[in-house]
Each structure stands twice: as C-alpha cells, then as structure tokens.
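Source file input-v9.cif; content: mmCIF, C-alpha atoms and all ligand atoms.
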```
data_structure
loop_
_atom_site.label_atom_id
_atom_site.label_comp_id
_atom_site.auth_asym_id
_atom_site.auth_seq_id
_atom_site.Cartn_x
_atom_site.Cartn_y
_atom_site.Cartn_z
CA MET A 1 -46.02 301.39 85.85
CA GLN A 2 -49.49 301.46 87.39
CA SER A 3 -50.45 304.87 88.80
CA PHE A 4 -51.92 304.76 92.28
CA THR A 5 -52.86 308.41 92.70
CA GLY A 6 -56.61 308.82 93.09
CA GLU A 7 -57.23 305.10 92.52
CA HIS A 8 -59.30 302.75 94.69
CA ILE A 9 -57.65 299.67 96.16
CA LEU A 10 -60.37 297.03 96.06
CA SER A 11 -58.80 293.75 95.01
CA VAL A 12 -55.36 292.20 94.64
CA ASN A 13 -56.30 291.56 91.00
CA GLN A 14 -55.36 295.15 90.23
CA PHE A 15 -51.68 294.63 91.09
CA ASN A 16 -48.82 293.36 88.98
CA HIS A 17 -45.25 292.52 89.90
CA ASP A 18 -44.01 296.09 89.36
CA SER A 19 -46.78 297.70 91.40
CA ILE A 20 -46.06 295.37 94.31
CA GLN A 21 -42.37 296.25 94.21
CA LYS A 22 -43.32 299.94 94.15
CA ILE A 23 -45.57 299.55 97.23
CA PHE A 24 -42.83 297.61 99.05
CA SER A 25 -40.15 300.17 98.26
CA VAL A 26 -42.35 303.00 99.61
CA ALA A 27 -43.16 300.82 102.67
CA ASN A 28 -39.42 300.40 103.34
CA GLN A 29 -39.05 304.18 103.43
CA MET A 30 -41.74 304.41 106.12
CA GLN A 31 -39.75 302.49 108.70
CA PRO A 32 -38.09 305.51 110.45
CA TYR A 33 -41.52 307.14 110.89
CA ALA A 34 -43.12 303.98 112.27
CA LEU A 35 -40.16 303.60 114.64
CA ARG A 36 -40.62 307.25 115.73
CA GLN A 37 -37.08 308.19 114.73
CA LYS A 38 -38.60 310.92 112.53
CA ARG A 39 -42.00 312.55 111.99
CA THR A 40 -43.56 313.78 108.79
CA LYS A 41 -46.41 316.23 108.28
CA VAL A 42 -46.87 315.40 104.61
CA LEU A 43 -50.61 314.70 105.08
CA ASP A 44 -51.20 317.63 107.44
CA GLY A 45 -54.84 318.65 106.95
CA ALA A 46 -55.89 315.45 105.18
CA ILE A 47 -58.73 313.36 106.61
CA LEU A 48 -59.13 309.58 106.53
CA GLY A 49 -62.69 308.25 106.79
CA ASN A 50 -62.09 304.97 108.61
CA LEU A 51 -65.37 303.07 108.26
CA PHE A 52 -65.50 299.70 109.95
CA PHE A 53 -68.89 298.06 109.73
CA GLU A 54 -67.50 294.76 111.04
CA ALA A 55 -65.32 293.80 114.03
CA SER A 56 -61.67 294.74 113.75
CA THR A 57 -58.76 295.62 115.99
CA ARG A 58 -55.49 295.68 114.05
CA THR A 59 -56.74 296.52 110.59
CA ARG A 60 -58.81 299.47 111.83
CA VAL A 61 -56.22 300.81 114.26
CA SER A 62 -53.29 300.31 111.89
CA PHE A 63 -55.08 302.19 109.10
CA GLY A 64 -55.66 305.04 111.55
CA THR A 65 -52.12 304.89 112.92
CA ALA A 66 -50.62 304.82 109.43
CA PHE A 67 -52.58 307.95 108.49
CA ASN A 68 -51.63 309.72 111.73
CA LEU A 69 -47.96 308.84 111.19
CA LEU A 70 -48.13 310.69 107.87
CA GLY A 71 -49.55 313.74 109.65
CA GLY A 72 -53.22 313.26 108.74
CA GLU A 73 -56.35 313.04 110.88
CA VAL A 74 -58.81 310.19 111.25
CA ARG A 75 -62.62 310.22 111.49
CA GLU A 76 -63.93 306.83 112.45
CA THR A 77 -67.25 304.98 112.28
CA THR A 78 -67.51 301.56 113.86
CA GLY A 79 -70.40 299.11 113.77
CA MET A 80 -73.36 298.96 111.43
CA GLU A 81 -75.85 299.79 114.18
CA SER A 82 -74.29 303.23 114.82
CA SER A 83 -74.47 304.27 111.15
CA ALA A 84 -77.38 305.26 108.92
CA LEU A 85 -76.95 301.96 107.04
CA ALA A 86 -79.06 300.59 109.92
CA LYS A 87 -81.83 302.98 108.81
CA GLY A 88 -81.80 301.55 105.30
CA GLU A 89 -79.44 304.04 103.66
CA SER A 90 -77.73 302.63 100.57
CA LEU A 91 -73.97 302.18 100.33
CA PHE A 92 -74.05 304.62 97.41
CA ASP A 93 -75.63 307.41 99.48
CA THR A 94 -73.37 306.75 102.46
CA ALA A 95 -70.39 306.93 100.10
CA ARG A 96 -71.54 310.22 98.51
CA VAL A 97 -71.91 311.77 101.94
CA LEU A 98 -68.83 310.46 103.73
CA SER A 99 -66.51 311.00 100.78
CA GLY A 100 -67.45 314.67 101.07
CA TYR A 101 -65.94 314.65 104.54
CA SER A 102 -62.71 312.77 103.74
CA ASP A 103 -59.73 312.69 101.38
CA VAL A 104 -59.55 308.90 101.38
CA VAL A 105 -61.70 306.14 102.88
CA ALA A 106 -60.72 302.79 104.39
CA MET A 107 -63.66 300.47 104.78
CA ARG A 108 -64.61 297.03 106.09
CA HIS A 109 -68.05 295.49 105.63
CA PRO A 110 -69.50 291.97 106.12
CA ASP A 111 -70.87 291.61 102.55
CA ASN A 112 -68.85 290.38 99.58
CA GLY A 113 -68.54 293.16 96.98
CA SER A 114 -69.81 295.85 99.37
CA VAL A 115 -66.63 297.94 99.34
CA ALA A 116 -66.60 298.00 95.54
CA GLU A 117 -70.27 299.04 95.60
CA PHE A 118 -69.41 301.83 98.05
CA ALA A 119 -66.55 302.96 95.81
CA VAL A 120 -68.99 303.62 92.96
CA GLY A 121 -70.59 306.38 95.04
CA SER A 122 -67.35 307.73 96.49
CA ARG A 123 -65.67 310.90 95.33
CA VAL A 124 -62.35 309.92 96.95
CA PRO A 125 -60.18 306.78 96.80
CA VAL A 126 -61.52 303.81 98.76
CA ILE A 127 -59.29 301.12 100.27
CA ASN A 128 -60.82 297.72 100.99
CA GLY A 129 -60.22 296.65 104.59
CA GLY A 130 -62.08 293.36 104.05
CA ASP A 131 -65.41 292.66 102.33
CA GLY A 132 -67.09 289.54 103.67
CA SER A 133 -65.23 286.38 102.72
CA ASN A 134 -64.17 287.92 99.43
CA GLU A 135 -60.93 289.91 99.70
CA HIS A 136 -58.55 291.62 102.07
CA PRO A 137 -55.98 293.20 99.76
CA THR A 138 -54.03 295.22 102.34
CA GLN A 139 -53.61 292.15 104.56
CA ALA A 140 -52.35 290.18 101.55
CA LEU A 141 -49.84 292.92 100.80
CA LEU A 142 -48.56 293.01 104.38
CA ASP A 143 -48.40 289.20 104.42
CA LEU A 144 -46.44 289.20 101.18
CA TYR A 145 -44.17 291.98 102.46
CA THR A 146 -43.54 289.85 105.56
CA ILE A 147 -42.88 286.74 103.48
CA GLU A 148 -40.39 288.68 101.35
CA LYS A 149 -38.56 289.96 104.44
CA GLU A 150 -38.47 286.54 106.09
CA ARG A 151 -37.23 284.95 102.85
CA ASN A 152 -34.58 287.62 102.32
CA TYR A 153 -33.37 286.95 105.84
CA HIS A 154 -32.70 283.36 104.75
CA GLY A 155 -31.12 284.59 101.48
CA GLU A 156 -34.09 283.56 99.34
CA SER A 157 -36.78 285.26 97.26
CA ILE A 158 -40.54 284.67 97.02
CA ASP A 159 -40.10 282.58 93.86
CA GLY A 160 -40.02 278.87 94.67
CA LEU A 161 -41.92 279.31 97.95
CA HIS A 162 -43.80 276.40 99.52
CA ILE A 163 -46.68 277.68 101.65
CA ALA A 164 -49.02 275.54 103.73
CA MET A 165 -52.36 277.23 104.44
CA ILE A 166 -54.36 275.68 107.24
CA GLY A 167 -57.87 276.08 108.65
CA ASP A 168 -60.96 277.81 107.28
CA LEU A 169 -59.86 278.34 103.70
CA LYS A 170 -63.44 278.71 102.47
CA HIS A 171 -64.36 281.84 104.41
CA GLY A 172 -60.89 283.28 105.08
CA ARG A 173 -60.54 286.36 102.90
CA THR A 174 -56.87 286.74 103.81
CA VAL A 175 -55.92 283.41 102.24
CA HIS A 176 -58.02 284.21 99.17
CA SER A 177 -56.20 287.47 98.54
CA LEU A 178 -52.76 286.13 99.46
CA SER A 179 -53.12 283.11 97.15
CA LYS A 180 -54.00 285.35 94.21
CA LEU A 181 -51.09 287.68 94.96
CA LEU A 182 -48.60 284.80 95.19
CA CYS A 183 -49.68 283.74 91.69
CA LEU A 184 -47.69 286.70 90.36
CA PHE A 185 -44.46 284.96 91.39
CA LYS A 186 -42.73 281.84 90.03
CA ASN A 187 -43.03 278.15 91.02
CA ILE A 188 -45.13 278.53 94.14
CA ARG A 189 -46.25 275.34 95.90
CA PHE A 190 -49.50 275.50 97.85
CA THR A 191 -50.43 272.83 100.40
CA LEU A 192 -54.04 273.56 101.40
CA ILE A 193 -55.19 271.83 104.57
CA SER A 194 -58.77 272.23 105.76
CA PRO A 195 -61.86 270.22 106.60
CA LYS A 196 -63.45 269.23 103.27
CA GLU A 197 -66.41 271.54 103.91
CA LEU A 198 -64.07 274.50 104.45
CA ALA A 199 -61.86 273.97 101.39
CA MET A 200 -60.38 276.79 99.32
CA PRO A 201 -62.97 277.94 96.71
CA ASP A 202 -62.57 276.29 93.29
CA SER A 203 -62.22 279.66 91.58
CA ILE A 204 -59.02 280.35 93.53
CA ILE A 205 -57.63 276.86 92.95
CA ASP A 206 -58.27 277.42 89.22
CA THR A 207 -56.42 280.74 89.37
CA ILE A 208 -53.43 279.07 91.06
CA GLU A 209 -53.32 276.17 88.62
CA ASN A 210 -53.87 278.32 85.54
CA ALA A 211 -50.88 280.41 86.62
CA GLY A 212 -48.80 277.20 86.56
CA HIS A 213 -48.32 276.67 90.30
CA GLN A 214 -48.67 273.42 92.23
CA VAL A 215 -51.54 272.67 94.61
CA VAL A 216 -51.88 269.79 97.05
CA ILE A 217 -55.19 269.58 98.91
CA SER A 218 -55.67 267.63 102.13
CA ASP A 219 -58.05 267.41 105.07
CA THR A 220 -55.36 266.25 107.49
CA LEU A 221 -52.03 267.54 108.66
CA GLU A 222 -49.78 264.55 108.26
CA GLY A 223 -46.22 263.62 107.50
CA SER A 224 -43.33 265.97 107.27
CA LEU A 225 -44.00 269.06 105.18
CA ASP A 226 -41.05 270.90 103.69
CA ALA A 227 -43.05 274.14 103.85
CA ASP A 228 -41.24 277.48 104.11
CA ILE A 229 -44.34 279.14 105.52
CA CYS A 230 -47.12 277.71 107.67
CA TYR A 231 -50.06 280.15 107.39
CA GLN A 232 -52.59 279.28 110.08
CA THR A 233 -56.13 280.72 110.14
CA ARG A 234 -59.10 281.06 112.49
CA ILE A 235 -62.45 279.37 111.91
CA GLN A 236 -64.45 282.37 110.64
CA GLU A 237 -67.31 281.80 113.03
CA GLU A 238 -69.15 284.96 111.96
CA ARG A 239 -69.61 283.59 108.42
CA PHE A 240 -71.41 280.41 109.58
CA PRO A 241 -75.22 280.14 109.84
CA SER A 242 -74.86 279.40 113.57
CA LYS A 243 -72.22 279.10 116.29
CA ASP A 244 -72.96 275.37 116.54
CA GLU A 245 -72.07 274.93 112.88
CA ALA A 246 -68.74 276.68 113.42
CA ASN A 247 -68.10 274.69 116.60
CA LYS A 248 -67.93 271.49 114.53
CA TYR A 249 -64.59 272.68 113.20
CA ARG A 250 -63.13 274.51 116.18
CA GLY A 251 -59.87 273.06 117.41
CA LYS A 252 -59.49 270.72 114.40
CA PHE A 253 -56.11 272.06 113.36
CA ARG A 254 -54.17 273.18 116.37
CA LEU A 255 -50.59 274.26 116.03
CA ASN A 256 -48.37 274.05 119.08
CA GLN A 257 -44.66 273.45 119.46
CA GLN A 258 -45.07 269.67 119.42
CA VAL A 259 -47.18 269.66 116.24
CA TYR A 260 -44.80 272.15 114.65
CA THR A 261 -41.75 270.01 115.41
CA LYS A 262 -43.49 266.92 114.06
CA HIS A 263 -44.73 268.35 110.75
CA PHE A 264 -42.55 271.33 109.87
CA GLN A 265 -38.91 272.22 109.38
CA SER A 266 -36.93 273.91 112.12
CA ASN A 267 -36.97 277.18 110.14
CA THR A 268 -40.58 277.12 108.83
CA VAL A 269 -42.02 280.59 109.38
CA ILE A 270 -45.35 280.65 111.23
CA MET A 271 -47.88 283.25 110.12
CA HIS A 272 -51.49 284.05 111.04
CA PRO A 273 -53.48 287.16 110.05
CA LEU A 274 -54.75 287.34 113.66
CA PRO A 275 -56.80 287.41 115.77
CA ARG A 276 -55.85 283.92 116.90
CA ASP A 277 -58.73 282.36 118.79
CA SER A 278 -57.07 281.65 122.14
CA ARG A 279 -60.13 280.07 123.77
CA ALA A 280 -59.29 276.58 125.01
CA ASP A 281 -61.60 274.79 122.55
CA ALA A 282 -60.10 276.58 119.53
CA ASN A 283 -56.50 277.57 120.22
CA GLU A 284 -55.32 277.22 116.62
CA LEU A 285 -51.97 278.83 117.46
CA ASP A 286 -50.80 277.94 120.94
CA ASN A 287 -49.05 280.36 123.28
CA ASP A 288 -46.26 277.82 123.67
CA LEU A 289 -45.04 279.03 120.26
CA ASN A 290 -44.63 282.59 121.50
CA LEU A 291 -40.89 282.26 122.03
CA ASN A 292 -40.31 280.39 118.77
CA PRO A 293 -38.18 282.79 116.66
CA ASN A 294 -40.03 281.65 113.53
CA LEU A 295 -43.32 283.00 114.83
CA ALA A 296 -43.80 286.03 112.57
CA ILE A 297 -47.30 287.13 113.69
CA PHE A 298 -46.19 290.32 115.40
CA ARG A 299 -43.76 291.13 112.61
CA GLN A 300 -46.83 290.91 110.33
CA THR A 301 -48.77 293.39 112.48
CA ASP A 302 -45.85 295.84 112.57
CA ASN A 303 -45.41 295.52 108.81
CA GLY A 304 -49.11 296.32 108.38
CA VAL A 305 -48.47 299.91 109.42
CA LEU A 306 -45.65 300.32 106.86
CA VAL A 307 -47.69 298.88 104.02
CA ARG A 308 -50.76 300.97 104.86
CA MET A 309 -48.62 304.11 105.12
CA ALA A 310 -47.25 303.28 101.67
CA LEU A 311 -50.75 302.83 100.25
CA PHE A 312 -51.93 306.17 101.64
CA ALA A 313 -48.83 307.95 100.36
CA LEU A 314 -49.27 306.44 96.89
CA THR A 315 -53.03 306.92 96.73
CA LEU A 316 -52.71 310.58 97.71
CA GLY A 317 -49.67 311.12 95.47
CA VAL A 318 -47.15 312.19 98.13
CA GLU A 319 -44.79 309.20 98.04
CA ASN A 320 -41.87 311.29 96.74
CA ILE A 321 -42.21 314.22 99.14
CA VAL A 322 -42.70 312.52 102.50
CA SER A 323 -39.27 313.55 103.86
CA LYS A 324 -39.72 317.16 102.70
CA TYR A 325 -42.15 317.58 105.59
CA ASP A 326 -39.99 315.94 108.26
CA THR A 327 -39.94 317.26 111.81
CA ASP A 328 -38.20 316.02 114.96
CA VAL A 329 -39.45 313.62 117.59
CA HIS A 330 -39.29 315.31 120.98
CA TRP A 331 -40.45 312.54 123.27
CA TYR A 332 -38.81 309.39 124.61
CA SER A 333 -39.18 306.55 122.16
CA ASN A 334 -37.53 303.18 122.25
CA LYS A 335 -39.36 301.25 119.58
CA LYS A 336 -37.61 298.40 117.82
C1 LIG B 1 -58.60 288.73 109.41
C2 LIG B 1 -59.89 289.29 108.82
O1 LIG B 1 -60.56 290.12 109.44
O2 LIG B 1 -60.16 288.87 107.72
N1 LIG B 1 -57.99 289.54 110.33
C3 LIG B 1 -57.33 290.68 109.97
O3 LIG B 1 -57.83 291.51 109.25
N2 LIG B 1 -56.07 290.83 110.41
C4 LIG B 1 -58.72 287.30 109.79
C5 LIG B 1 -59.69 286.88 110.85
O4 LIG B 1 -60.51 287.65 111.33
O5 LIG B 1 -59.62 285.70 111.24
#
```
Before we go any further, please render this structure as structure tokens.
Amino acid sequence: MQSFTGEHILSVNQFNHDSIQKIFSVANQMQPYALRQKRTKVLDGAILGNLFFEASTRTRVSFGTAFNLLGGEVRETTGMESSALAKGESLFDTARVLSGYSDVVAMRHPDNGSVAEFAVGSRVPVINGGDGSNEHPTQALLDLYTIEKERNYHGESIDGLHIAMIGDLKHGRTVHSLSKLLCLFKNIRFTLISPKELAMPDSIIDTIENAGHQVVISDTLEGSLDADICYQTRIQEERFPSKDEANKYRGKFRLNQQVYTKHFQSNTVIMHPLPRDSRADANELDNDLNLNPNLAIFRQTDNGVLVRMALFALTLGVENIVSKYDTDVHWYSNKK
C-alpha cells in the first residue's frame, strides 16, 4: 500500500487502485464532520498554506474548509499580482519561504508543471490544485468518488462505465486527470466530443488505448448515446491567445433538458467540474436541468470537501486518529 504521509500529491499518475480505495474509505469517514454532526480538532495548530495564483472559487474554498473541518488553520494567498512572484521571485524561493510557514501547501498556478516545480523547493507536502491545462488530481478524485457513489446507487461499479466527455477537452485539466484515473478500472468506454481544434491530447488518448479501453472521438453530439455519465466542460477561455479565439467555440455544445432527452438515457448522470459559464452565449449546462435528479454537480462540490479532508488527513498521517479528537457541535446545523 502506498504511503501518503509526507508525500506530495501532484499527479493522478501516482495513484493505483488500492490507494484510491484508501482515499475513498477515509473520505467516507469524513461525512459526519462535513455535515457538522461532529467536530474534530485532530489538526489543531496545523497551518495550510493555500496558494491560489489563478482564479478559483470551489477548489480554493473547499481546500480551506476541509482543513478547518479537521481543526487546522488556513493562510491564503490569491492572485499572482499580490505575491512576490510578480517581482520575479522564483517558484523555488517562494516554496522555501512559504513552506516554512505551513505544514502543508495547496497550490494552483496557470503554468503546466509549476506545482511540481514549486514542490522541489518545498519542505512540506504540496497538493496540486490545478497547474495550467496539465492536471487537477484532487478534482479527478472527487469526480471519481462521485461516479462511484452514483454507480453504487444504481447497483453498479466503476468497471464497465461509459462516459461521454464534452467541450474543451484540449485545455480542460479536469478531463485529463479524470481520464487517466479511469484507466485504472476495467472496460471503460470513452466518447470524446469536442470541436476538432479542442480535441483530447493524443498523449491521453494513447494512455486510454494502451490500457485497453475504448475511445470514440466525434465533433458532434448526435444519435442516442448509452452513456452512464455525461461530463460537460467549459471552454477554457483563459488558455486561449485571445477572447475572440475562445468565442469561436462558445455555445457549441449546450446541454439543456431537450438535448439531454434526445441524446442521453433517462438515468444518465450529468457532471461538470464547475464553474458552468451561465452567460447567454455560452450556457453549456442550462438552468433548466437544475431540477433533474441526475444532475450531480452539487453532489460533486460537496464530495470535494470529503476527498480533500481525506487527502489532508493522509498526507499529515492522522487518518486513524481523527475521532480521538472529537468534540461536540453546539450550534444549530441542519446540513444534508
Ligand atoms: C475547473 C478548473 O479550474 O480546472 N474547475 C474546478 O477546479 N472545479 C474547471 C474550469 O475552470 O472550467
């Protein structure tokens, strides 16, 4: 079994089947804390350096929330312009300094490979919260955790899954990491739908095919797909040379109730890493799906806290003593 204590989490390539099951079993144990039925102080005194050099809402806040829920404190830096990186400081130096102030670091940065570069200079474990269009391992884990829960609900496992991924598959780091993670399972079918210019990188298609899974590539959403999961994505506007370039693809693959009914099964689960671009000319996931019980997007965001709590507990080696530091919840709480 892979040991997590003191290790960086930089890429999904570092996981195997057993390590994923370990993360998921620790995540399951976090549910009463996330639901505020219990509190734990297991990380009392520990500090998370939450360094977000690129826009983020849920990843940044859920990392912080997960750490707080384990009893730890969070020191946050947001935006490149408010850090010394804007003065030309290297990632190595920033890492040497900030790792002296923290017990663990979560980091997002616009450049591919930047979080791994930072980790070289860090004296504490570093967790990748997204590096450019490269990887987003914690999102992939929470997506997989969600897929497993949704499949279990229908009495099925991840093996044999048919997933349709739609949108900007070239720049979307979440679909890159999730595809690689799914390769660890059996008989996965991938239907990859994107404009030709925004296709899934060849290196990932090779990984999928070399692991013996099936891939169908298309630039149109047509016919009836027997997909178990429809994983929709946003055009990653910030990775294009200009807004006009990105605008060419905005609104190309919209999913609303009518499109869903036409192309998917009545129980196809709808996922999206969020944010969904709700501006009228994009609107890749329409609000008219909000009451569809198969829309799992907010189950994904809730699961993100559990998975990130599990990763902190494992990385800091407290996964077996969390409940030893339990205390009561004194305030009104009605979370579900
Ligand atoms: C994604 C990201 O930042 O890669 N969002 C997220 O972390 N939940 C996807 C996106 O921004 O479209």
Which range 10-124 of chain A residues have any atom within 9 Å of an atom of range 287-303 of chain A, and for each, what is the nearest pair of atoms with distance in Å to one decimal, counting all atoms listed in the file, rows sorted by chain and number, as a tab-separated table?
```
residue	atom	partner	partner_atom	distance
A:Ala27	CA	A:Asn303	CA	8.4
A:Gln31	CA	A:Asn303	CA	9.0
A:Ala34	CA	A:Asp302	CA	8.6
A:Arg58	CA	A:Thr301	CA	7.3
A:Thr59	CA	A:Thr301	CA	8.8
A:Ser62	CA	A:Thr301	CA	8.3
```
Could those selected residues go to a file with C-alpha atoms, as a PDB file, in the coordinates of the input?
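Listing of result-v4.pdb after writing:
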```
ATOM      1  CA  ALA A  27     -43.160 300.820 102.670  1.00  0.00           C
ATOM      2  CA  GLN A  31     -39.750 302.490 108.700  1.00  0.00           C
ATOM      3  CA  ALA A  34     -43.120 303.980 112.270  1.00  0.00           C
ATOM      4  CA  ARG A  58     -55.490 295.680 114.050  1.00  0.00           C
ATOM      5  CA  THR A  59     -56.740 296.520 110.590  1.00  0.00           C
ATOM      6  CA  SER A  62     -53.290 300.310 111.890  1.00  0.00           C
TER       7      SER A  62
END
```
Which of A:Ala84, A:Leu306, A:Leu48, A:Val175 sits closest to ligand LIG 1 (chain B) [using all atoms listed in the file]: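 Closest residue, counting all atoms listed in the file: A:Val175.
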All residues 7 Å or closer to range 225-237 of chain A, all atoms listed in the file, same chain fewer than 4 positions away omitted, as JSON, numbers by chain: {"A": [161, 162, 163, 164, 165, 166, 167, 168, 171, 172, 243, 246, 250, 263, 264, 265, 268, 269, 270, 271, 272, 273, 276, 277, 284]}
File dump, residues just selected, C-alpha atoms, as a PDB file, in the coordinates of the input:
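Output file selection-v9.pdb follows:
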```
ATOM      1  CA  LEU A 161     -41.920 279.310  97.950  1.00  0.00           C
ATOM      2  CA  HIS A 162     -43.800 276.400  99.520  1.00  0.00           C
ATOM      3  CA  ILE A 163     -46.680 277.680 101.650  1.00  0.00           C
ATOM      4  CA  ALA A 164     -49.020 275.540 103.730  1.00  0.00           C
ATOM      5  CA  MET A 165     -52.360 277.230 104.440  1.00  0.00           C
ATOM      6  CA  ILE A 166     -54.360 275.680 107.240  1.00  0.00           C
ATOM      7  CA  GLY A 167     -57.870 276.080 108.650  1.00  0.00           C
ATOM      8  CA  ASP A 168     -60.960 277.810 107.280  1.00  0.00           C
ATOM      9  CA  HIS A 171     -64.360 281.840 104.410  1.00  0.00           C
ATOM     10  CA  GLY A 172     -60.890 283.280 105.080  1.00  0.00           C
ATOM     11  CA  LYS A 243     -72.220 279.100 116.290  1.00  0.00           C
ATOM     12  CA  ALA A 246     -68.740 276.680 113.420  1.00  0.00           C
ATOM     13  CA  ARG A 250     -63.130 274.510 116.180  1.00  0.00           C
ATOM     14  CA  HIS A 263     -44.730 268.350 110.750  1.00  0.00           C
ATOM     15  CA  PHE A 264     -42.550 271.330 109.870  1.00  0.00           C
ATOM     16  CA  GLN A 265     -38.910 272.220 109.380  1.00  0.00           C
ATOM     17  CA  THR A 268     -40.580 277.120 108.830  1.00  0.00           C
ATOM     18  CA  VAL A 269     -42.020 280.590 109.380  1.00  0.00           C
ATOM     19  CA  ILE A 270     -45.350 280.650 111.230  1.00  0.00           C
ATOM     20  CA  MET A 271     -47.880 283.250 110.120  1.00  0.00           C
ATOM     21  CA  HIS A 272     -51.490 284.050 111.040  1.00  0.00           C
ATOM     22  CA  PRO A 273     -53.480 287.160 110.050  1.00  0.00           C
ATOM     23  CA  ARG A 276     -55.850 283.920 116.900  1.00  0.00           C
ATOM     24  CA  ASP A 277     -58.730 282.360 118.790  1.00  0.00           C
ATOM     25  CA  GLU A 284     -55.320 277.220 116.620  1.00  0.00           C
TER      26      GLU A 284
END
```
Residue nearest ligand LIG 1 (chain B) among A:Lys324, A:His8, A:Lys87, A:His136 (counting all atoms listed in the file):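 When distances to ligand LIG 1 (chain B) are compared using all atoms listed in the file, the smallest one comes from A:His136.
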Residue among A:Val307, A:Ala211, A:Val216, A:Ala140 lying closest to ligand LIG 1 (chain B), counting all atoms listed in the file: A:Ala140
Protein and nucleic acid residues near (-42.8, 302.9, 122.4) (cut-off 12 Å, all atoms listed in the file) as a PyMOL selection string: chain A and resi 34-37+331-336
Store the residues picked out above in a file with C-alpha atoms, as a CSV table (one decimal), in the frame of the given file.
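The resulting file, selection.csv, is shown below:
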```csv
chain,number,residue,atom,x,y,z
A,34,ALA,CA,-43.1,304.0,112.3
A,35,LEU,CA,-40.2,303.6,114.6
A,36,ARG,CA,-40.6,307.2,115.7
A,37,GLN,CA,-37.1,308.2,114.7
A,331,TRP,CA,-40.4,312.5,123.3
A,332,TYR,CA,-38.8,309.4,124.6
A,333,SER,CA,-39.2,306.6,122.2
A,334,ASN,CA,-37.5,303.2,122.2
A,335,LYS,CA,-39.4,301.2,119.6
A,336,LYS,CA,-37.6,298.4,117.8
```
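In this comparison, which uses all atoms listed in the file, the residue of A:Ala282, A:Val115, A:Ile127, A:Cys183 approaching Asp206 in chain A most closely is A:Cys183.
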